[in-house]
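Trainee: Handing over model.csv, CSV, C-alpha atoms.
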chain,number,residue,atom,x,y,z
A,5,MET,CA,-2.9,155.9,-36.7
A,6,PRO,CA,-6.0,157.0,-38.6
A,7,MET,CA,-5.9,160.1,-40.8
A,8,ILE,CA,-8.4,161.7,-43.1
A,9,ASP,CA,-7.4,162.3,-46.7
A,10,ALA,CA,-8.6,165.0,-49.2
A,11,ASP,CA,-11.7,163.0,-50.1
A,12,GLY,CA,-12.7,162.4,-46.5
A,13,CYS,CA,-11.4,158.8,-46.6
A,14,LEU,CA,-10.1,157.4,-43.4
A,15,LEU,CA,-6.5,156.2,-44.0
A,16,ASN,CA,-4.6,153.7,-41.8
A,17,VAL,CA,-1.1,155.2,-41.4
A,18,SER,CA,2.0,154.1,-39.6
A,19,VAL,CA,5.0,156.4,-38.9
A,20,GLU,CA,8.1,154.7,-37.5
A,21,GLY,CA,11.9,154.9,-37.3
A,22,ARG,CA,14.6,157.5,-37.1
A,23,ASP,CA,13.5,161.0,-36.1
A,24,GLY,CA,15.3,163.9,-37.8
A,25,GLY,CA,16.5,161.9,-40.7
A,26,PRO,CA,15.2,161.6,-44.2
A,27,THR,CA,11.7,160.3,-44.7
A,28,LEU,CA,10.8,157.3,-46.8
A,29,MET,CA,7.2,156.5,-47.9
A,30,LEU,CA,6.2,153.0,-48.8
A,31,SER,CA,3.2,152.2,-51.0
A,32,ASN,CA,1.6,148.8,-51.3
A,33,SER,CA,0.6,146.4,-54.0
A,34,LEU,CA,-3.1,145.8,-54.8
A,35,GLY,CA,-4.4,143.2,-52.3
A,36,CYS,CA,-1.7,143.9,-49.7
A,37,THR,CA,-1.7,146.0,-46.6
A,38,LEU,CA,1.1,148.0,-45.1
A,39,GLN,CA,2.2,144.7,-43.4
A,40,MET,CA,3.7,143.6,-46.7
A,41,TRP,CA,6.7,145.7,-45.8
A,42,GLU,CA,7.6,144.0,-42.6
A,43,PRO,CA,10.7,142.2,-44.1
A,44,GLN,CA,12.2,145.7,-44.7
A,45,MET,CA,11.2,147.6,-41.6
A,46,GLU,CA,14.1,146.6,-39.3
A,47,ALA,CA,16.7,147.9,-41.7
A,48,LEU,CA,14.8,150.9,-43.0
A,49,THR,CA,13.8,152.3,-39.7
A,50,GLN,CA,17.4,152.5,-38.7
A,51,LEU,CA,18.1,154.9,-41.5
A,52,PHE,CA,14.8,156.7,-42.2
A,53,ARG,CA,11.6,157.9,-40.8
A,54,VAL,CA,9.3,155.4,-42.6
A,55,ILE,CA,5.7,156.2,-43.5
A,56,ARG,CA,3.4,153.3,-44.4
A,57,TYR,CA,-0.2,153.6,-45.3
A,58,ASP,CA,-3.1,151.5,-46.6
A,59,PRO,CA,-4.5,153.3,-49.6
A,60,ARG,CA,-8.3,153.6,-50.0
A,61,GLY,CA,-9.8,150.1,-50.4
A,62,PRO,CA,-7.5,147.6,-48.7
A,63,GLY,CA,-6.4,147.0,-45.1
A,64,LYS,CA,-7.8,149.2,-42.4
A,65,SER,CA,-8.5,152.3,-44.6
A,66,SER,CA,-12.1,153.1,-45.6
A,67,VAL,CA,-13.6,152.2,-48.9
A,68,PRO,CA,-15.0,155.3,-50.6
A,69,ALA,CA,-17.1,155.0,-53.8
A,70,GLY,CA,-15.2,154.7,-57.0
A,71,PRO,CA,-14.1,155.4,-59.6
A,72,TYR,CA,-10.5,155.3,-58.4
A,73,SER,CA,-7.6,156.8,-60.4
A,74,MET,CA,-3.9,157.5,-60.1
A,75,PRO,CA,-4.6,161.3,-59.8
A,76,ARG,CA,-7.1,160.6,-57.0
A,77,SER,CA,-4.7,158.2,-55.3
A,78,GLY,CA,-1.8,160.5,-55.7
A,79,GLY,CA,-3.8,163.4,-54.3
A,80,ALA,CA,-4.5,161.4,-51.2
A,81,VAL,CA,-0.7,160.9,-50.7
A,82,LEU,CA,0.0,164.7,-51.0
A,83,ALA,CA,-2.8,165.5,-48.6
A,84,LEU,CA,-1.4,162.9,-46.1
A,85,LEU,CA,2.0,164.5,-46.4
A,86,ASP,CA,0.5,167.9,-45.7
A,87,ASP,CA,-1.3,166.6,-42.7
A,88,LEU,CA,1.9,165.2,-41.4
A,89,ASN,CA,3.7,168.5,-42.1
A,90,ILE,CA,6.3,166.7,-44.3
A,91,GLU,CA,7.6,168.7,-47.2
A,92,LYS,CA,9.6,166.0,-49.0
A,93,VAL,CA,10.0,162.2,-49.0
A,94,HIS,CA,11.7,159.4,-50.8
A,95,TRP,CA,9.2,157.0,-52.4
A,96,CYS,CA,9.1,153.3,-52.8
A,97,GLY,CA,6.0,151.7,-54.3
A,98,LEU,CA,5.5,148.2,-55.5
A,99,SER,CA,3.0,147.3,-58.2
A,100,MET,CA,0.1,149.7,-57.8
A,101,GLY,CA,2.3,151.6,-55.4
A,102,GLY,CA,4.7,152.1,-58.2
A,103,MET,CA,1.9,153.3,-60.5
A,104,VAL,CA,1.0,156.0,-57.9
A,105,GLY,CA,4.7,156.9,-57.6
A,106,GLN,CA,4.9,157.5,-61.4
A,107,TRP,CA,2.0,160.0,-61.2
A,108,LEU,CA,3.5,161.7,-58.1
A,109,GLY,CA,7.0,162.0,-59.6
A,110,ALA,CA,5.6,163.6,-62.7
A,111,ASN,CA,3.0,165.9,-61.0
A,112,ALA,CA,4.5,166.8,-57.7
A,113,PRO,CA,8.3,166.7,-58.3
A,114,GLU,CA,9.1,169.1,-55.5
A,115,ARG,CA,7.7,166.7,-52.9
A,116,PHE,CA,10.0,163.7,-53.8
A,117,GLY,CA,13.7,163.1,-53.5
A,118,LYS,CA,14.5,159.7,-54.9
A,119,ILE,CA,11.8,157.3,-56.3
A,120,ILE,CA,11.8,153.5,-56.4
A,121,LEU,CA,9.3,151.9,-58.8
A,122,SER,CA,9.1,148.2,-58.1
A,123,ASN,CA,7.4,145.4,-60.0
A,124,THR,CA,5.1,147.8,-61.8
A,125,ALA,CA,3.8,148.9,-65.2
A,126,CYS,CA,2.8,152.2,-66.7
A,127,TYR,CA,0.1,150.8,-69.0
A,128,TYR,CA,-1.8,147.7,-70.0
A,129,PRO,CA,-2.3,147.5,-73.8
A,130,ASP,CA,-5.1,144.8,-73.3
A,131,PRO,CA,-7.5,145.2,-70.4
A,132,THR,CA,-8.9,141.7,-70.8
A,133,ASN,CA,-7.1,140.2,-67.8
A,134,TRP,CA,-8.4,143.0,-65.5
A,135,LEU,CA,-11.9,142.7,-66.9
A,136,ASN,CA,-12.0,139.0,-66.4
A,137,ARG,CA,-10.7,139.4,-62.8
A,138,ILE,CA,-13.4,142.0,-62.1
A,139,LYS,CA,-16.1,139.6,-63.4
A,140,ALA,CA,-14.7,136.7,-61.4
A,141,VAL,CA,-14.5,138.7,-58.1
A,142,ARG,CA,-18.0,140.1,-58.6
A,143,GLN,CA,-19.3,136.6,-59.0
A,144,GLY,CA,-17.3,134.7,-56.4
A,145,GLY,CA,-15.4,137.2,-54.3
A,146,ILE,CA,-11.6,137.4,-54.0
A,147,ALA,CA,-11.5,133.7,-53.1
A,148,ALA,CA,-12.4,133.0,-56.7
A,149,VAL,CA,-9.1,134.4,-57.9
A,150,ALA,CA,-6.8,134.0,-54.9
A,151,ASP,CA,-4.9,131.0,-56.0
A,152,THR,CA,-4.2,132.5,-59.4
A,153,ILE,CA,-3.0,135.7,-57.9
A,154,MET,CA,-0.7,133.8,-55.4
A,155,ALA,CA,0.8,131.9,-58.3
A,156,GLY,CA,1.7,135.3,-59.8
A,157,TRP,CA,2.9,136.9,-56.6
A,158,LEU,CA,5.4,134.2,-55.6
A,159,THR,CA,7.3,131.5,-57.5
A,160,ALA,CA,6.3,127.9,-57.0
A,161,GLU,CA,9.6,127.2,-55.4
A,162,PHE,CA,9.2,129.9,-52.8
A,163,ARG,CA,5.6,128.9,-52.1
A,164,GLU,CA,6.7,125.3,-51.4
A,165,ARG,CA,9.7,126.4,-49.3
A,166,GLU,CA,7.8,129.1,-47.3
A,167,PRO,CA,4.3,127.9,-46.7
A,168,GLN,CA,3.6,130.1,-43.7
A,169,ILE,CA,4.7,133.3,-45.5
A,170,THR,CA,2.6,132.3,-48.5
A,171,ALA,CA,-0.4,131.6,-46.2
A,172,ASN,CA,0.0,135.0,-44.5
A,173,LEU,CA,0.1,136.8,-47.9
A,174,LYS,CA,-3.0,134.9,-49.1
A,175,ALA,CA,-4.9,135.8,-45.9
A,176,MET,CA,-3.9,139.4,-46.5
A,177,LEU,CA,-5.3,139.2,-50.0
A,178,LEU,CA,-8.6,137.5,-48.9
A,179,ALA,CA,-9.2,140.1,-46.2
A,180,SER,CA,-9.3,142.9,-48.8
A,181,PRO,CA,-12.7,144.6,-49.0
A,182,VAL,CA,-14.3,143.5,-52.2
A,183,GLU,CA,-15.6,146.8,-53.3
A,184,GLY,CA,-12.3,148.6,-52.8
A,185,TYR,CA,-10.5,145.8,-54.6
A,186,LEU,CA,-12.9,146.1,-57.5
A,187,ALA,CA,-12.5,149.8,-57.7
A,188,CYS,CA,-8.7,149.5,-57.9
A,189,CYS,CA,-9.0,146.8,-60.6
A,190,GLN,CA,-11.2,149.1,-62.6
A,191,ALA,CA,-8.6,151.9,-62.4
A,192,LEU,CA,-5.9,149.5,-63.5
A,193,SER,CA,-7.9,148.3,-66.5
A,194,THR,CA,-7.6,151.8,-68.1
A,195,LEU,CA,-4.1,152.6,-66.9
A,196,ASP,CA,-1.9,154.4,-69.3
A,197,GLN,CA,0.8,156.6,-67.9
A,198,ARG,CA,3.3,156.4,-70.7
A,199,GLU,CA,3.2,160.1,-71.3
A,200,VAL,CA,4.0,161.0,-67.7
A,201,LEU,CA,7.3,159.1,-67.4
A,202,PRO,CA,9.6,161.6,-69.2
A,203,LYS,CA,8.3,164.3,-66.8
A,204,ILE,CA,9.9,162.4,-63.8
A,205,LYS,CA,13.1,164.2,-62.9
A,206,SER,CA,13.9,162.6,-59.6
A,207,PRO,CA,16.6,160.0,-59.4
A,208,THR,CA,14.7,156.8,-60.1
A,209,LEU,CA,15.4,153.1,-59.6
A,210,VAL,CA,13.2,150.5,-61.3
A,211,ILE,CA,13.1,147.0,-59.7
A,212,ALA,CA,11.8,144.1,-61.7
A,213,GLY,CA,11.3,140.4,-60.9
A,214,ARG,CA,12.9,137.9,-63.3
A,215,HIS,CA,9.9,135.6,-62.8
A,216,ASP,CA,7.2,138.3,-62.6
A,217,THR,CA,4.4,137.6,-65.0
A,218,ALA,CA,2.1,140.3,-63.7
A,219,THR,CA,4.5,143.2,-64.5
A,220,PRO,CA,7.3,141.5,-66.4
A,221,VAL,CA,10.9,142.6,-66.8
A,222,ALA,CA,9.9,144.2,-70.2
A,223,ALA,CA,7.5,146.5,-68.4
A,224,GLY,CA,10.3,147.6,-66.0
A,225,GLU,CA,12.7,148.1,-68.9
A,226,PHE,CA,10.2,150.3,-70.7
A,227,ILE,CA,9.7,152.5,-67.6
A,228,ARG,CA,13.5,152.7,-67.2
A,229,SER,CA,13.9,153.8,-70.8
A,230,GLN,CA,11.4,156.6,-70.5
A,231,ILE,CA,12.6,158.2,-67.3
A,232,PRO,CA,15.8,160.3,-67.7
A,233,GLY,CA,18.7,158.7,-65.9
A,234,ALA,CA,16.7,155.9,-64.4
A,235,ALA,CA,18.4,152.6,-63.4
A,236,LEU,CA,17.1,149.1,-63.4
A,237,THR,CA,17.7,146.2,-61.0
A,238,ILE,CA,16.4,142.7,-61.6
A,239,LEU,CA,15.8,140.4,-58.7
A,240,ASP,CA,15.3,136.6,-58.8
A,241,ALA,CA,11.7,136.8,-57.8
A,242,ALA,CA,8.1,136.9,-59.0
A,243,HIS,CA,5.7,139.9,-58.4
A,244,ILE,CA,6.0,140.5,-54.6
A,245,SER,CA,9.8,140.7,-54.8
A,246,ASN,CA,10.3,142.4,-51.4
A,247,VAL,CA,8.8,139.2,-49.7
A,248,GLU,CA,10.4,136.6,-52.0
A,249,GLN,CA,13.9,138.2,-52.0
A,250,PRO,CA,13.8,140.4,-48.8
A,251,HIS,CA,17.5,140.8,-48.4
A,252,ALA,CA,18.3,141.6,-52.0
A,253,PHE,CA,15.3,144.0,-52.1
A,254,THR,CA,16.4,145.8,-49.0
A,255,ASP,CA,20.0,146.1,-50.2
A,256,ALA,CA,18.8,147.5,-53.5
A,257,VAL,CA,16.6,150.1,-51.8
A,258,VAL,CA,19.1,151.1,-49.1
A,259,GLY,CA,22.0,151.3,-51.6
A,260,PHE,CA,20.0,153.5,-54.0
A,261,LEU,CA,18.7,155.8,-51.3
A,262,THR,CA,22.0,156.3,-49.5
A,263,GLN,CA,24.3,156.7,-52.5
A,264,ARG,CA,25.4,160.3,-53.2
Written as structure tokens, that's how I'd like the structure from this file.

Mentor:
Amino acid sequence: MPMIDADGCLLNVSVEGRDGGPTLMLSNSLGCTLQMWEPQMEALTQLFRVIRYDPRGPGKSSVPAGPYSMPRSGGAVLALLDDLNIEKVHWCGLSMGGMVGQWLGANAPERFGKIILSNTACYYPDPTNWLNRIKAVRQGGIAAVADTIMAGWLTAEFREREPQITANLKAMLLASPVEGYLACCQALSTLDQREVLPKIKSPTLVIAGRHDTATPVAAGEFIRSQIPGAALTILDAAHISNVEQPHAFTDAVVGFLTQR
């Protein structure tokens, strides 16, 4: 269902699952739409009311002018929750979704129960990779970087074993609006949220992929060390761990959110 955020951006939003129960909000990786969460939806909707959304830029949401930032992206989430009349949710964000979750946990703690930060980072000490990607996409579109991104998203073994899933993810990436993708890359090139992490008081689970080169285990370990009481789970996956290890990912999420 389409909804308008605080900046007048048209957001593509899906609300499914159990009425009257706790609410879980899922937030995507850069280059993915809300469809990336399909492997988890059957299990999650039995336990939670699940909100999925395409952030500004990708999917079926509109592409407002940049620059984008974590405060701007986080503000859109809070406006969306207000529009839905939802006071408090659990959060699960992967990659860029985890970065938005860090900002939200630190700046709007009253709106979040438990927080899951998956395959993500809080800062990039060297922006070179992002700047090179921006240059390549400006010159040749997302197709110019798609194969490199897919090699980081999924292990070679998984890509060989699951060619259709791999092709679907690649098609999702290639369908991203170029200007929105670039605006997100620009925001990530200057990302530094190290100072916000100690402000997160919600129970937090960090998920990392053993073979993740985009946001390696060390990035997850650092986040875990900076958030009071946070836990870390490592999955045998690359960057898009919820797709590569769907059952282990779902078990980790459900176990964390339902434990007392």

Trainee: Just how far from CA of Trp157 in chain A is CA of Pro43 in chain A, in Å to one decimal?

Mentor: 15.7 Å

Trainee: Counting only C-alpha atoms, which of A:Leu108, A:Cys188, A:Leu173, A:Val17 gets nearest to Trp134 in chain A?

Mentor: A:Cys188

Trainee: Pick from A:Asn172, A:Thr217, A:Thr208, A:Ser33: nearest to Pro232 in chain A, with all atoms listed in the file counted?

Mentor: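 Residue with the minimum atom-to-atom distance to Pro232 in chain A: A:Thr208.
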
Trainee: Counting only C-alpha atoms, which residue out of A:Leu51, A:Leu178, A:Ala191, A:Ala223 sits closest to Ser77 in chain A?

Mentor: A:Ala191

Trainee: Quote the spacing between CA of Arg228 in chain A and CA of Val104 in chain A in Å to one decimal place.

Mentor: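 Separation between CA of Arg228 in chain A and CA of Val104 in chain A: 15.9 Å.
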
Trainee: Skip Thr37 in chain A itself and residues of its chain fewer than 2 positions away, then list as a list in words all residues within 8 Å of it, counting all atoms listed in the file.

Mentor: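 Using all atoms listed in the file, the neighbours found are Asn32, Ser33, Gly35, Gln39, Met40, Tyr57, Asp58, Pro62, Gly63 and Met176 of chain A.
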
Trainee: Now that the selection is made, can you save its residues with C-alpha atoms as a PDB file, in the frame of the given file?

Mentor:
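Dumped to result-v1.pdb:
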ATOM      1  CA  ASN A  32       1.600 148.800 -51.300  1.00  0.00           C
ATOM      2  CA  SER A  33       0.600 146.400 -54.000  1.00  0.00           C
ATOM      3  CA  GLY A  35      -4.400 143.200 -52.300  1.00  0.00           C
ATOM      4  CA  GLN A  39       2.200 144.700 -43.400  1.00  0.00           C
ATOM      5  CA  MET A  40       3.700 143.600 -46.700  1.00  0.00           C
ATOM      6  CA  TYR A  57      -0.200 153.600 -45.300  1.00  0.00           C
ATOM      7  CA  ASP A  58      -3.100 151.500 -46.600  1.00  0.00           C
ATOM      8  CA  PRO A  62      -7.500 147.600 -48.700  1.00  0.00           C
ATOM      9  CA  GLY A  63      -6.400 147.000 -45.100  1.00  0.00           C
ATOM     10  CA  MET A 176      -3.900 139.400 -46.500  1.00  0.00           C
TER      11      MET A 176
END

Trainee: May I ask for the distance between CA of Val200 in chain A and CA of Leu121 in chain A, given in Å to one decimal place?

Mentor: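 Distance between the two atoms: 13.8 Å.
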
Trainee: May I have the protein, DNA and RNA residues with an atom at most 9 Å from (12.5, 138.0, -62.3), counting all atoms listed in the file in the file's coordinates, returned as number ranges by chain?

Mentor: A: 212-217, 220-221, 238-243, 245

Trainee: Considering all atoms listed in the file, state which residue in the set A:Trp107, A:Tyr128, A:Trp41, A:Phe253 is at the smallest distance from Leu201 in chain A.

Mentor: A:Trp107

Trainee: Up to 9 Å from (2.0, 151.1, -67.7) in the file's coordinates: name the residues, counting only C-alpha atoms, as a PyMOL selection string.

Mentor: chain A and resi 103+124-129+195-198+219+223+226-227

Trainee: Find the residue from A:Ile146, A:Asn136, A:Glu166, A:Val257 that sits nearest to Trp95 in chain A; use all atoms listed in the file when measuring.

Mentor: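 Checking each candidate against Trp95 in chain A, we get A:Val257 as the closest.
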
Trainee: With distances taken over only C-alpha atoms, which of A:Leu135, A:Thr152, A:Gln106, A:Leu236 is nearest to Ala222 in chain A?

Mentor: A:Leu236

Trainee: Would you mind completing range 154-190 of chain A to N, CA and C atoms and writing the output as an mmCIF file, in the frame of the given file?

Mentor:
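Contents of rebuild-v3.cif, as written:
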data_model
loop_
_atom_site.group_PDB
_atom_site.id
_atom_site.type_symbol
_atom_site.label_atom_id
_atom_site.label_comp_id
_atom_site.auth_asym_id
_atom_site.auth_seq_id
_atom_site.Cartn_x
_atom_site.Cartn_y
_atom_site.Cartn_z
ATOM 1 N N MET A 154 -1.891 134.290 -56.197
ATOM 2 C CA MET A 154 -0.700 133.800 -55.400
ATOM 3 C C MET A 154 0.324 133.203 -56.347
ATOM 4 N N ALA A 155 -0.121 132.516 -57.392
ATOM 5 C CA ALA A 155 0.800 131.900 -58.300
ATOM 6 C C ALA A 155 1.618 132.987 -59.073
ATOM 7 N N GLY A 156 1.030 134.180 -59.213
ATOM 8 C CA GLY A 156 1.700 135.300 -59.800
ATOM 9 C C GLY A 156 2.588 136.079 -58.842
ATOM 10 N N TRP A 157 2.159 136.108 -57.592
ATOM 11 C CA TRP A 157 2.900 136.900 -56.600
ATOM 12 C C TRP A 157 4.201 136.249 -56.197
ATOM 13 N N LEU A 158 4.238 134.911 -56.095
ATOM 14 C CA LEU A 158 5.400 134.200 -55.600
ATOM 15 C C LEU A 158 5.694 133.006 -56.498
ATOM 16 N N THR A 159 6.959 132.682 -56.691
ATOM 17 C CA THR A 159 7.300 131.500 -57.500
ATOM 18 C C THR A 159 6.853 130.241 -56.793
ATOM 19 N N ALA A 160 6.689 129.182 -57.585
ATOM 20 C CA ALA A 160 6.300 127.900 -57.000
ATOM 21 C C ALA A 160 7.312 127.392 -56.017
ATOM 22 N N GLU A 161 8.580 127.612 -56.307
ATOM 23 C CA GLU A 161 9.600 127.200 -55.400
ATOM 24 C C GLU A 161 9.529 127.861 -54.048
ATOM 25 N N PHE A 162 9.265 129.162 -54.065
ATOM 26 C CA PHE A 162 9.200 129.900 -52.800
ATOM 27 C C PHE A 162 7.900 129.455 -52.048
ATOM 28 N N ARG A 163 6.797 129.287 -52.747
ATOM 29 C CA ARG A 163 5.600 128.900 -52.100
ATOM 30 C C ARG A 163 5.709 127.520 -51.397
ATOM 31 N N GLU A 164 6.467 126.631 -52.014
ATOM 32 C CA GLU A 164 6.700 125.300 -51.400
ATOM 33 C C GLU A 164 7.659 125.420 -50.231
ATOM 34 N N ARG A 165 8.645 126.265 -50.352
ATOM 35 C CA ARG A 165 9.700 126.400 -49.300
ATOM 36 C C ARG A 165 9.188 127.191 -48.114
ATOM 37 N N GLU A 166 8.302 128.157 -48.343
ATOM 38 C CA GLU A 166 7.800 129.100 -47.300
ATOM 39 C C GLU A 166 6.314 129.062 -47.195
ATOM 40 N N PRO A 167 5.730 127.939 -46.768
ATOM 41 C CA PRO A 167 4.300 127.900 -46.700
ATOM 42 C C PRO A 167 3.608 128.857 -45.800
ATOM 43 N N GLN A 168 4.260 129.191 -44.669
ATOM 44 C CA GLN A 168 3.600 130.100 -43.700
ATOM 45 C C GLN A 168 3.607 131.525 -44.262
ATOM 46 N N ILE A 169 4.713 131.970 -44.864
ATOM 47 C CA ILE A 169 4.700 133.300 -45.500
ATOM 48 C C ILE A 169 3.689 133.382 -46.584
ATOM 49 N N THR A 170 3.607 132.316 -47.380
ATOM 50 C CA THR A 170 2.600 132.300 -48.500
ATOM 51 C C THR A 170 1.206 132.351 -47.902
ATOM 52 N N ALA A 171 0.935 131.590 -46.842
ATOM 53 C CA ALA A 171 -0.400 131.600 -46.200
ATOM 54 C C ALA A 171 -0.734 132.981 -45.670
ATOM 55 N N ASN A 172 0.248 133.647 -45.081
ATOM 56 C CA ASN A 172 0.000 135.000 -44.500
ATOM 57 C C ASN A 172 -0.347 135.973 -45.633
ATOM 58 N N LEU A 173 0.370 135.893 -46.751
ATOM 59 C CA LEU A 173 0.100 136.800 -47.900
ATOM 60 C C LEU A 173 -1.313 136.507 -48.445
ATOM 61 N N LYS A 174 -1.652 135.236 -48.552
ATOM 62 C CA LYS A 174 -3.000 134.900 -49.100
ATOM 63 C C LYS A 174 -4.080 135.389 -48.155
ATOM 64 N N ALA A 175 -3.872 135.258 -46.852
ATOM 65 C CA ALA A 175 -4.900 135.800 -45.900
ATOM 66 C C ALA A 175 -5.016 137.277 -46.023
ATOM 67 N N MET A 176 -3.897 137.972 -46.253
ATOM 68 C CA MET A 176 -3.900 139.400 -46.500
ATOM 69 C C MET A 176 -4.797 139.763 -47.676
ATOM 70 N N LEU A 177 -4.572 139.015 -48.759
ATOM 71 C CA LEU A 177 -5.300 139.200 -50.000
ATOM 72 C C LEU A 177 -6.831 138.973 -49.749
ATOM 73 N N LEU A 178 -7.159 137.847 -49.111
ATOM 74 C CA LEU A 178 -8.600 137.500 -48.900
ATOM 75 C C LEU A 178 -9.295 138.448 -47.987
ATOM 76 N N ALA A 179 -8.556 139.154 -47.146
ATOM 77 C CA ALA A 179 -9.200 140.100 -46.200
ATOM 78 C C ALA A 179 -9.477 141.452 -46.893
ATOM 79 N N SER A 180 -9.047 141.641 -48.132
ATOM 80 C CA SER A 180 -9.300 142.900 -48.800
ATOM 81 C C SER A 180 -10.793 143.141 -48.995
ATOM 82 N N PRO A 181 -11.299 144.336 -48.690
ATOM 83 C CA PRO A 181 -12.700 144.600 -49.000
ATOM 84 C C PRO A 181 -12.997 144.516 -50.454
ATOM 85 N N VAL A 182 -14.020 143.769 -50.801
ATOM 86 C CA VAL A 182 -14.300 143.500 -52.200
ATOM 87 C C VAL A 182 -14.524 144.724 -53.021
ATOM 88 N N GLU A 183 -15.313 145.655 -52.515
ATOM 89 C CA GLU A 183 -15.600 146.800 -53.300
ATOM 90 C C GLU A 183 -14.392 147.704 -53.560
ATOM 91 N N GLY A 184 -13.535 147.815 -52.568
ATOM 92 C CA GLY A 184 -12.300 148.600 -52.800
ATOM 93 C C GLY A 184 -11.380 147.862 -53.754
ATOM 94 N N TYR A 185 -11.309 146.539 -53.665
ATOM 95 C CA TYR A 185 -10.500 145.800 -54.600
ATOM 96 C C TYR A 185 -10.975 145.968 -56.025
ATOM 97 N N LEU A 186 -12.287 145.881 -56.211
ATOM 98 C CA LEU A 186 -12.900 146.100 -57.500
ATOM 99 C C LEU A 186 -12.612 147.449 -58.095
ATOM 100 N N ALA A 187 -12.739 148.457 -57.246
ATOM 101 C CA ALA A 187 -12.500 149.800 -57.700
ATOM 102 C C ALA A 187 -11.070 150.031 -58.160
ATOM 103 N N CYS A 188 -10.131 149.388 -57.470
ATOM 104 C CA CYS A 188 -8.700 149.500 -57.900
ATOM 105 C C CYS A 188 -8.515 148.732 -59.203
ATOM 106 N N CYS A 189 -9.123 147.555 -59.342
ATOM 107 C CA CYS A 189 -9.000 146.800 -60.600
ATOM 108 C C CYS A 189 -9.562 147.624 -61.775
ATOM 109 N N GLN A 190 -10.655 148.312 -61.556
ATOM 110 C CA GLN A 190 -11.200 149.100 -62.600
ATOM 111 C C GLN A 190 -10.265 150.244 -63.025
#
